[in-house]
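upload_34.tsv (TSV, C-alpha atoms and all ligand atoms) appears below.
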chain	number	residue	atom	x	y	z
A	1	MET	CA	-108.99	66.70	59.75
A	2	THR	CA	-105.62	65.04	59.23
A	3	LEU	CA	-103.55	66.24	56.28
A	4	GLU	CA	-100.74	63.90	55.26
A	5	VAL	CA	-98.10	65.03	52.79
A	6	GLU	CA	-95.26	62.73	51.73
A	7	ASN	CA	-92.31	63.68	49.56
A	8	LEU	CA	-93.71	66.84	48.04
A	9	SER	CA	-91.49	68.50	45.42
A	10	VAL	CA	-91.95	71.56	43.21
A	11	HIS	CA	-89.87	72.54	40.18
A	12	TYR	CA	-90.24	75.69	38.12
A	13	GLY	CA	-88.40	74.79	34.96
A	14	GLY	CA	-84.85	74.29	36.15
A	15	VAL	CA	-85.51	75.82	39.60
A	16	SER	CA	-86.03	73.30	42.39
A	17	ALA	CA	-88.20	75.21	44.89
A	18	VAL	CA	-89.37	72.39	47.20
A	19	ARG	CA	-87.52	69.10	47.63
A	20	SER	CA	-89.11	66.03	49.14
A	21	VAL	CA	-90.93	67.76	52.00
A	22	SER	CA	-93.14	65.59	54.24
A	23	PHE	CA	-95.42	66.60	57.10
A	24	THR	CA	-98.69	65.83	58.85
A	25	VAL	CA	-101.25	68.25	60.22
A	26	PRO	CA	-103.09	66.31	62.93
A	27	PRO	CA	-106.84	66.76	63.53
A	28	GLY	CA	-107.41	70.06	65.29
A	29	GLY	CA	-103.66	70.71	65.25
A	30	CYS	CA	-101.73	73.66	63.94
A	31	LEU	CA	-98.50	73.12	62.00
A	32	GLY	CA	-96.21	76.01	61.16
A	33	ILE	CA	-93.68	76.32	58.36
A	34	ILE	CA	-91.12	79.05	58.86
A	35	GLY	CA	-88.32	80.09	56.56
A	36	ALA	CA	-86.68	83.06	54.92
A	37	ASN	CA	-87.69	84.75	51.67
A	38	GLY	CA	-87.57	82.23	48.85
A	39	ALA	CA	-87.19	79.17	51.12
A	40	GLY	CA	-90.16	77.49	49.43
A	41	LYS	CA	-93.03	78.18	51.85
A	42	THR	CA	-95.55	79.58	49.37
A	43	SER	CA	-94.67	76.90	46.83
A	44	THR	CA	-95.37	74.24	49.47
A	45	LEU	CA	-98.85	75.60	50.19
A	46	LYS	CA	-99.66	76.09	46.52
A	47	ALA	CA	-98.44	72.57	45.77
A	48	VAL	CA	-100.77	71.10	48.42
A	49	LEU	CA	-103.62	72.89	46.66
A	50	GLY	CA	-102.45	71.84	43.20
A	51	LEU	CA	-101.92	75.45	42.13
A	52	VAL	CA	-98.38	74.71	40.92
A	53	PRO	CA	-97.00	71.60	39.20
A	54	ARG	CA	-95.77	69.14	41.84
A	55	THR	CA	-94.74	65.59	42.49
A	56	VAL	CA	-95.89	63.90	45.69
A	57	THR	CA	-95.97	60.28	46.79
A	58	ALA	CA	-98.99	60.79	49.09
A	59	LEU	CA	-101.41	63.64	49.70
A	60	ARG	CA	-104.36	62.73	51.87
A	61	LEU	CA	-107.02	64.58	53.81
A	62	GLU	CA	-108.69	62.39	56.40
A	63	GLY	CA	-107.45	59.38	54.44
A	64	ARG	CA	-108.89	60.63	51.12
A	65	ASP	CA	-106.43	60.83	48.25
A	66	LEU	CA	-106.15	64.42	46.97
A	67	THR	CA	-103.49	63.91	44.32
A	68	ARG	CA	-106.01	64.00	41.48
A	69	VAL	CA	-108.31	66.67	42.93
A	70	LYS	CA	-108.19	69.89	40.89
A	71	ALA	CA	-107.22	73.10	42.68
A	72	ARG	CA	-110.71	74.59	42.15
A	73	ASP	CA	-112.29	71.58	43.90
A	74	MET	CA	-110.07	71.70	47.01
A	75	VAL	CA	-112.54	74.02	48.76
A	76	ARG	CA	-115.24	71.32	48.39
A	77	GLN	CA	-112.84	68.89	50.05
A	78	GLY	CA	-112.86	71.15	53.11
A	79	ILE	CA	-109.69	73.16	52.56
A	80	GLY	CA	-109.77	76.93	53.06
A	81	TYR	CA	-106.95	79.09	51.67
A	82	VAL	CA	-105.79	82.53	52.76
A	83	PRO	CA	-103.31	83.58	50.05
A	84	GLU	CA	-100.26	85.73	50.54
A	85	GLY	CA	-101.19	89.35	49.83
A	86	ARG	CA	-104.87	88.83	50.80
A	87	HIS	CA	-106.38	89.31	47.30
A	88	VAL	CA	-109.66	90.73	48.51
A	89	PHE	CA	-112.05	92.17	45.92
A	90	ALA	CA	-111.40	95.88	46.43
A	91	GLY	CA	-114.51	97.04	44.55
A	92	LEU	CA	-116.93	94.85	46.51
A	93	THR	CA	-118.25	95.40	50.02
A	94	VAL	CA	-116.91	93.51	53.01
A	95	GLU	CA	-120.10	91.46	53.14
A	96	LYS	CA	-119.98	90.59	49.42
A	97	ASN	CA	-116.37	89.47	49.79
A	98	LEU	CA	-117.39	87.19	52.64
A	99	LEU	CA	-120.36	85.78	50.79
A	100	LEU	CA	-118.14	84.98	47.81
A	101	GLY	CA	-116.17	82.74	50.18
A	102	ALA	CA	-119.33	80.67	50.62
A	103	TYR	CA	-119.84	80.12	46.89
A	104	ALA	CA	-119.41	76.36	47.12
A	105	LYS	CA	-122.24	76.01	49.65
A	106	PRO	CA	-125.95	76.68	49.29
A	107	TRP	CA	-127.13	80.01	50.70
A	108	ASN	CA	-129.16	79.21	53.81
A	109	ALA	CA	-129.49	79.89	57.52
A	110	GLU	CA	-126.11	78.27	58.06
A	111	THR	CA	-124.49	80.82	55.74
A	112	ARG	CA	-125.95	83.59	57.87
A	113	ARG	CA	-124.68	81.88	61.01
A	114	HIS	CA	-121.18	81.67	59.53
A	115	LEU	CA	-121.30	85.33	58.58
A	116	HIS	CA	-122.25	86.05	62.17
A	117	ASP	CA	-119.36	83.85	63.40
A	118	VAL	CA	-116.90	85.82	61.24
A	119	PHE	CA	-118.26	89.10	62.66
A	120	THR	CA	-117.84	87.67	66.16
A	121	LEU	CA	-114.24	86.71	65.42
A	122	PHE	CA	-113.49	90.07	63.77
A	123	PRO	CA	-116.02	92.64	65.07
A	124	VAL	CA	-114.48	95.37	62.90
A	125	LEU	CA	-115.70	93.51	59.79
A	126	GLY	CA	-119.25	93.62	61.11
A	127	GLU	CA	-118.94	97.35	61.73
A	128	MET	CA	-117.64	97.83	58.18
A	129	ARG	CA	-119.82	95.28	56.38
A	130	THR	CA	-121.18	97.81	53.86
A	131	ARG	CA	-117.78	99.45	53.16
A	132	LEU	CA	-115.77	98.62	50.07
A	133	ALA	CA	-112.94	96.19	50.85
A	134	GLY	CA	-110.49	98.51	49.09
A	135	ALA	CA	-111.14	101.13	51.77
A	136	LEU	CA	-110.00	98.86	54.60
A	137	SER	CA	-106.57	99.00	56.23
A	138	GLY	CA	-104.06	96.21	55.55
A	139	GLY	CA	-104.89	94.53	58.85
A	140	GLN	CA	-108.63	94.70	58.19
A	141	GLN	CA	-108.09	93.26	54.71
A	142	GLN	CA	-106.14	90.38	56.28
A	143	MET	CA	-109.05	89.73	58.63
A	144	LEU	CA	-111.37	89.83	55.62
A	145	ALA	CA	-109.20	87.32	53.75
A	146	ILE	CA	-109.29	84.96	56.75
A	147	GLY	CA	-113.03	85.52	57.18
A	148	ARG	CA	-113.68	84.82	53.51
A	149	ALA	CA	-111.79	81.50	53.74
A	150	LEU	CA	-113.79	80.59	56.87
A	151	MET	CA	-117.06	81.15	54.99
A	152	SER	CA	-116.43	77.95	53.03
A	153	ARG	CA	-116.65	76.12	56.39
A	154	PRO	CA	-113.24	74.50	56.04
A	155	THR	CA	-111.98	71.68	58.20
A	156	LEU	CA	-108.40	72.64	57.33
A	157	LEU	CA	-107.21	76.22	56.85
A	158	LEU	CA	-104.02	77.06	54.92
A	159	LEU	CA	-102.60	80.51	55.68
A	160	ASP	CA	-99.79	82.16	53.74
A	161	GLU	CA	-97.99	84.88	55.71
A	162	PRO	CA	-101.02	86.46	57.39
A	163	SER	CA	-98.73	88.80	59.38
A	164	MET	CA	-97.05	90.31	56.33
A	165	GLY	CA	-96.90	94.11	56.46
A	166	LEU	CA	-98.93	94.40	59.65
A	167	SER	CA	-98.13	96.43	62.77
A	168	PRO	CA	-97.22	94.48	65.94
A	169	LYS	CA	-100.64	95.28	67.41
A	170	LEU	CA	-102.45	93.84	64.39
A	171	VAL	CA	-100.17	90.80	64.36
A	172	GLU	CA	-101.34	90.21	67.96
A	173	GLU	CA	-104.97	90.46	66.83
A	174	ILE	CA	-104.40	87.95	64.04
A	175	LEU	CA	-102.61	85.63	66.48
A	176	ALA	CA	-105.52	85.84	68.93
A	177	ALA	CA	-107.94	84.97	66.11
A	178	LEU	CA	-105.85	81.97	65.03
A	179	GLN	CA	-105.65	80.75	68.62
A	180	ARG	CA	-109.44	81.00	68.89
A	181	LEU	CA	-109.95	79.03	65.68
A	182	SER	CA	-107.48	76.45	66.92
A	183	ALA	CA	-109.31	76.18	70.25
A	184	ASP	CA	-112.51	75.59	68.26
A	185	GLY	CA	-110.83	72.53	66.68
A	186	LEU	CA	-109.95	73.85	63.21
A	187	SER	CA	-106.82	72.22	61.71
A	188	MET	CA	-104.36	74.77	60.35
A	189	LEU	CA	-101.21	74.97	58.27
A	190	LEU	CA	-99.51	78.32	58.79
A	191	VAL	CA	-96.67	79.53	56.57
A	192	GLU	CA	-94.75	82.51	57.95
A	193	GLN	CA	-91.57	84.52	58.00
A	194	ASN	CA	-92.59	85.74	61.45
A	195	ALA	CA	-91.16	82.96	63.62
A	196	LYS	CA	-92.31	84.51	66.89
A	197	LEU	CA	-95.96	84.53	65.78
A	198	THR	CA	-95.67	81.02	64.39
A	199	PHE	CA	-94.23	79.54	67.58
A	200	GLU	CA	-97.08	81.08	69.55
A	201	ALA	CA	-99.79	79.96	67.13
A	202	THR	CA	-98.67	76.39	66.40
A	203	ASP	CA	-98.03	73.06	68.12
A	204	THR	CA	-95.30	71.84	65.78
A	205	CYS	CA	-93.11	73.54	63.23
A	206	LEU	CA	-90.90	72.89	60.24
A	207	VAL	CA	-87.99	75.16	59.40
A	208	VAL	CA	-87.46	75.18	55.64
A	209	GLU	CA	-84.24	76.29	54.00
A	210	ASN	CA	-83.62	76.09	50.25
A	211	GLY	CA	-86.69	73.97	49.68
A	212	THR	CA	-85.91	71.29	52.26
A	213	VAL	CA	-86.82	70.72	55.90
A	214	ALA	CA	-83.80	71.83	57.92
A	215	MET	CA	-85.38	71.29	61.34
A	216	SER	CA	-88.68	70.18	62.82
A	217	GLY	CA	-90.18	69.66	66.23
A	218	ALA	CA	-92.49	70.99	68.90
A	219	SER	CA	-92.85	74.76	68.56
A	220	SER	CA	-92.27	75.13	72.30
A	221	ALA	CA	-88.87	73.39	71.93
A	222	LEU	CA	-87.79	74.92	68.60
A	223	ARG	CA	-88.21	78.46	69.92
A	224	HIS	CA	-85.43	77.74	72.42
A	225	ASP	CA	-83.03	76.24	69.89
A	226	ALA	CA	-79.84	78.32	69.73
A	227	ARG	CA	-79.71	78.48	65.91
A	228	VAL	CA	-83.40	79.24	65.56
A	229	ARG	CA	-83.09	82.02	68.15
A	230	LYS	CA	-80.20	83.57	66.24
A	231	VAL	CA	-81.38	83.16	62.64
A	232	TYR	CA	-85.18	83.38	62.92
A	233	LEU	CA	-85.83	85.29	66.13
A	234	GLY	CA	-82.87	87.69	65.89
A	235	LEU	CA	-81.96	87.07	69.53
A	301	LIG	P1	-91.59	84.40	50.21
A	301	LIG	O1	-91.50	84.53	51.68
A	301	LIG	O2	-90.83	85.45	49.48
A	301	LIG	O3	-92.99	84.23	49.69
A	301	LIG	P2	-91.22	81.56	49.98
A	301	LIG	O4	-90.49	80.89	51.08
A	301	LIG	O5	-92.70	81.49	50.01
A	301	LIG	O6	-90.76	83.06	49.86
A	301	LIG	P3	-91.41	80.58	47.29
A	301	LIG	O7	-92.22	81.78	46.86
A	301	LIG	O8	-92.09	79.30	47.44
A	301	LIG	O9	-90.65	80.92	48.65
A	301	LIG	O10	-90.17	80.46	46.29
A	301	LIG	C1	-89.23	79.37	46.37
A	301	LIG	C2	-88.26	79.48	45.20
A	301	LIG	O11	-88.95	79.26	43.98
A	301	LIG	C3	-87.57	80.82	45.08
A	301	LIG	O12	-86.26	80.60	44.65
A	301	LIG	C4	-88.38	81.52	44.02
A	301	LIG	O13	-87.59	82.46	43.33
A	301	LIG	C5	-88.78	80.37	43.11
A	301	LIG	N1	-90.07	80.60	42.45
A	301	LIG	C6	-91.25	80.84	43.07
A	301	LIG	N2	-92.25	80.97	42.17
A	301	LIG	C7	-91.67	80.80	40.95
A	301	LIG	C8	-92.15	80.80	39.60
A	301	LIG	N3	-93.44	80.99	39.33
A	301	LIG	N4	-91.25	80.59	38.60
A	301	LIG	C9	-89.94	80.37	38.86
A	301	LIG	N5	-89.42	80.35	40.10
A	301	LIG	C10	-90.26	80.56	41.14
Would you write out, as C-alpha cells, the structure that this file holds?
Ligand code: ATP
Amino acid sequence: MTLEVENLSVHYGGVSAVRSVSFTVPPGGCLGIIGANGAGKTSTLKAVLGLVPRTVTALRLEGRDLTRVKARDMVRQGIGYVPEGRHVFAGLTVEKNLLLGAYAKPWNAETRRHLHDVFTLFPVLGEMRTRLAGALSGGQQQMLAIGRALMSRPTLLLLDEPSMGLSPKLVEEILAALQRLSADGLSMLLVEQNAKLTFEATDTCLVVENGTVAMSGASSALRHDARVRKVYLGL
C-alpha cells in the first residue's frame, strides 16, 4: 500500500513540533524516520493517524484521501499502529491482547490463522499465550504490541521506537521480525532513535531535526554519510 504525505505540520499551542514534512511509503517498502529526542518523530506518526491536530495538504493511502478519516477508523483503512511504550493490557492474557487487536474484523478461521501467524513470527508469545501480559519482559511486551497490531491485518504498519529500552539481543530479534514482515510485502513506517536498526530495517530514511527533514535518501547511502555516522551512529 502506498502512503503519501505532503506538507504535514503539527503545532501544540505555540510549539511547532513538525514543519512541512513530506514523504512516501511505497507498496511493500519500509521507510524510516530517525532523529533525536524531541525531533518530532512521534508527532509525525500521530499526525498521520489523526491523533494530534495537524495540517496536511495531502494524506493518501493507495490513492484514498485520509484527511477526514477519524483516528479510530484508521485501522479499518488498513493501518496498524505500534505505539511508543507498547501499551499492552497488563491484566489480560497474551492471547486476549492479541485478539483485541482483531476487534475490527469478524472472528473467524482467518482470525485463528492470523493468531497462528503471530505465534510463528514470535514463538515466545505462543508459549506464553495464557500468561498475563504484565508478567512479560519488555522485549516480549514489544513483540506482543507488534503482534496485536498485526492482528488487524494491516497493509501498512506504523511503528514508534520498537527498540526502546531493549537489550541488543532483543533489538536483533525485533529487527529480524521486521525484515520478515517486509519480505512478506507489508509496507512499514518505522520511527526510531536507533539509527543502526533503522538503516538495517528500511529501504529509505528521513533524518528529522527540529521538526523538519534535514536529510533523506537510501538507507544504504545515508548510513555512510559522515555527519550521520558522527551524530546518529556515534562513529
Ligand atoms: P521522542 O524520541 O522523545 O519521542 P520525538 O522525536 O518523537 O521525541 P515528539 O514527541 O514528536 O518528538 O516531540 C516533538 C516536540 O513537540 C518536542 O519539542 C516536544 O516537547 C513537543 N511536544 C510533544 N508532544 C507535545 C504536547 N502534547 N504538548 C506540547 N508539546 C509537545
Could you list, as a tab-separated table (two decimals) with C-alpha atoms, keeping the file's coordinate frame, every residue within 9 Å of region 136-139 of chain A, counting all atoms listed in the file and ignoring same-chain residues fewer than 6 positions away?
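Written file, out_23.tsv:
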chain	number	residue	atom	x	y	z
A	86	ARG	CA	-104.87	88.83	50.80
A	90	ALA	CA	-111.40	95.88	46.43
A	94	VAL	CA	-116.91	93.51	53.01
A	128	MET	CA	-117.64	97.83	58.18
A	163	SER	CA	-98.73	88.80	59.38
A	165	GLY	CA	-96.90	94.11	56.46
A	166	LEU	CA	-98.93	94.40	59.65
A	167	SER	CA	-98.13	96.43	62.77
A	170	LEU	CA	-102.45	93.84	64.39
A	171	VAL	CA	-100.17	90.80	64.36
A	173	GLU	CA	-104.97	90.46	66.83
A	174	ILE	CA	-104.40	87.95	64.04
Length of the CA of Thr67 (chain A) to atom N5 of ligand LIG 301 (chain A) vector [Å] | 22.0 Å
Which polymer residues have any atom within 8 Å of an atom of Val88 (chain A), counting only C-alpha atoms, with same-chain residues fewer than 2 positions away left out, as number ranges by chain?
-> A: 86, 90, 97, 133-134, 141, 144-145
Please produce a file of those selected residues containing C-alpha atoms, as a tab-separated table (two decimals), in the frame of the given file.
chain	number	residue	atom	x	y	z
A	86	ARG	CA	-104.87	88.83	50.80
A	90	ALA	CA	-111.40	95.88	46.43
A	97	ASN	CA	-116.37	89.47	49.79
A	133	ALA	CA	-112.94	96.19	50.85
A	134	GLY	CA	-110.49	98.51	49.09
A	141	GLN	CA	-108.09	93.26	54.71
A	144	LEU	CA	-111.37	89.83	55.62
A	145	ALA	CA	-109.20	87.32	53.75
Within 10 Å of ligand LIG 301 (chain A) (only C-alpha atoms and all ligand atoms), residues as a PDB file with C-alpha atoms, in the frame of the given file:
ATOM      1  CA  VAL A  10     -91.950  71.560  43.210  1.00  0.00           C
ATOM      2  CA  HIS A  11     -89.870  72.540  40.180  1.00  0.00           C
ATOM      3  CA  TYR A  12     -90.240  75.690  38.120  1.00  0.00           C
ATOM      4  CA  GLY A  13     -88.400  74.790  34.960  1.00  0.00           C
ATOM      5  CA  GLY A  14     -84.850  74.290  36.150  1.00  0.00           C
ATOM      6  CA  VAL A  15     -85.510  75.820  39.600  1.00  0.00           C
ATOM      7  CA  SER A  16     -86.030  73.300  42.390  1.00  0.00           C
ATOM      8  CA  ALA A  17     -88.200  75.210  44.890  1.00  0.00           C
ATOM      9  CA  VAL A  18     -89.370  72.390  47.200  1.00  0.00           C
ATOM     10  CA  ILE A  33     -93.680  76.320  58.360  1.00  0.00           C
ATOM     11  CA  ILE A  34     -91.120  79.050  58.860  1.00  0.00           C
ATOM     12  CA  GLY A  35     -88.320  80.090  56.560  1.00  0.00           C
ATOM     13  CA  ALA A  36     -86.680  83.060  54.920  1.00  0.00           C
ATOM     14  CA  ASN A  37     -87.690  84.750  51.670  1.00  0.00           C
ATOM     15  CA  GLY A  38     -87.570  82.230  48.850  1.00  0.00           C
ATOM     16  CA  ALA A  39     -87.190  79.170  51.120  1.00  0.00           C
ATOM     17  CA  GLY A  40     -90.160  77.490  49.430  1.00  0.00           C
ATOM     18  CA  LYS A  41     -93.030  78.180  51.850  1.00  0.00           C
ATOM     19  CA  THR A  42     -95.550  79.580  49.370  1.00  0.00           C
ATOM     20  CA  SER A  43     -94.670  76.900  46.830  1.00  0.00           C
ATOM     21  CA  THR A  44     -95.370  74.240  49.470  1.00  0.00           C
ATOM     22  CA  LEU A  45     -98.850  75.600  50.190  1.00  0.00           C
ATOM     23  CA  LYS A  46     -99.660  76.090  46.520  1.00  0.00           C
ATOM     24  CA  ALA A  47     -98.440  72.570  45.770  1.00  0.00           C
ATOM     25  CA  VAL A  52     -98.380  74.710  40.920  1.00  0.00           C
ATOM     26  CA  GLU A  84    -100.260  85.730  50.540  1.00  0.00           C
ATOM     27  CA  GLY A  85    -101.190  89.350  49.830  1.00  0.00           C
ATOM     28  CA  ASP A 160     -99.790  82.160  53.740  1.00  0.00           C
ATOM     29  CA  GLU A 161     -97.990  84.880  55.710  1.00  0.00           C
ATOM     30  CA  MET A 164     -97.050  90.310  56.330  1.00  0.00           C
ATOM     31  CA  VAL A 191     -96.670  79.530  56.570  1.00  0.00           C
ATOM     32  CA  GLU A 192     -94.750  82.510  57.950  1.00  0.00           C
ATOM     33  CA  GLN A 193     -91.570  84.520  58.000  1.00  0.00           C
ATOM     34  CA  ASN A 194     -92.590  85.740  61.450  1.00  0.00           C
ATOM     35  CA  VAL A 208     -87.460  75.180  55.640  1.00  0.00           C
ATOM     36  CA  GLU A 209     -84.240  76.290  54.000  1.00  0.00           C
ATOM     37  CA  ASN A 210     -83.620  76.090  50.250  1.00  0.00           C
ATOM     38  CA  GLY A 211     -86.690  73.970  49.680  1.00  0.00           C
TER      39      GLY A 211
END
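Nearest to Thr204 (chain A) of all the residues A:Leu31, A:Val21, A:Leu175, A:Leu235 is A:Leu31, based on all atoms listed in the file.
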Choose the residue, out of A:Thr212, A:Arg129, A:Cys30, A:Ala177, that has the smallest atom-to-atom separation from Met143 (chain A); count only C-alpha atoms.
-> A:Ala177
If you count only C-alpha atoms, which residues fall within 9 Å of Ser187 (chain A), apart from same-chain ones fewer than 3 positions away, as a list in words?
->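 The neighbour list is Met1, Thr2, Leu3, Val25, Pro26, Pro27, Gly28, Gly29, Cys30, Leu31, Pro154, Thr155, Leu156, Leu157, Leu158, Leu181 and Ser182 of chain A.
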Find the residues around Asp203 (chain A) up to 9 Å (only C-alpha atoms counted), leave out those fewer than 2 positions away in its own chain, and share them as a ChimeraX atom specification.
-> /A:29-32,199-201,205,217-220
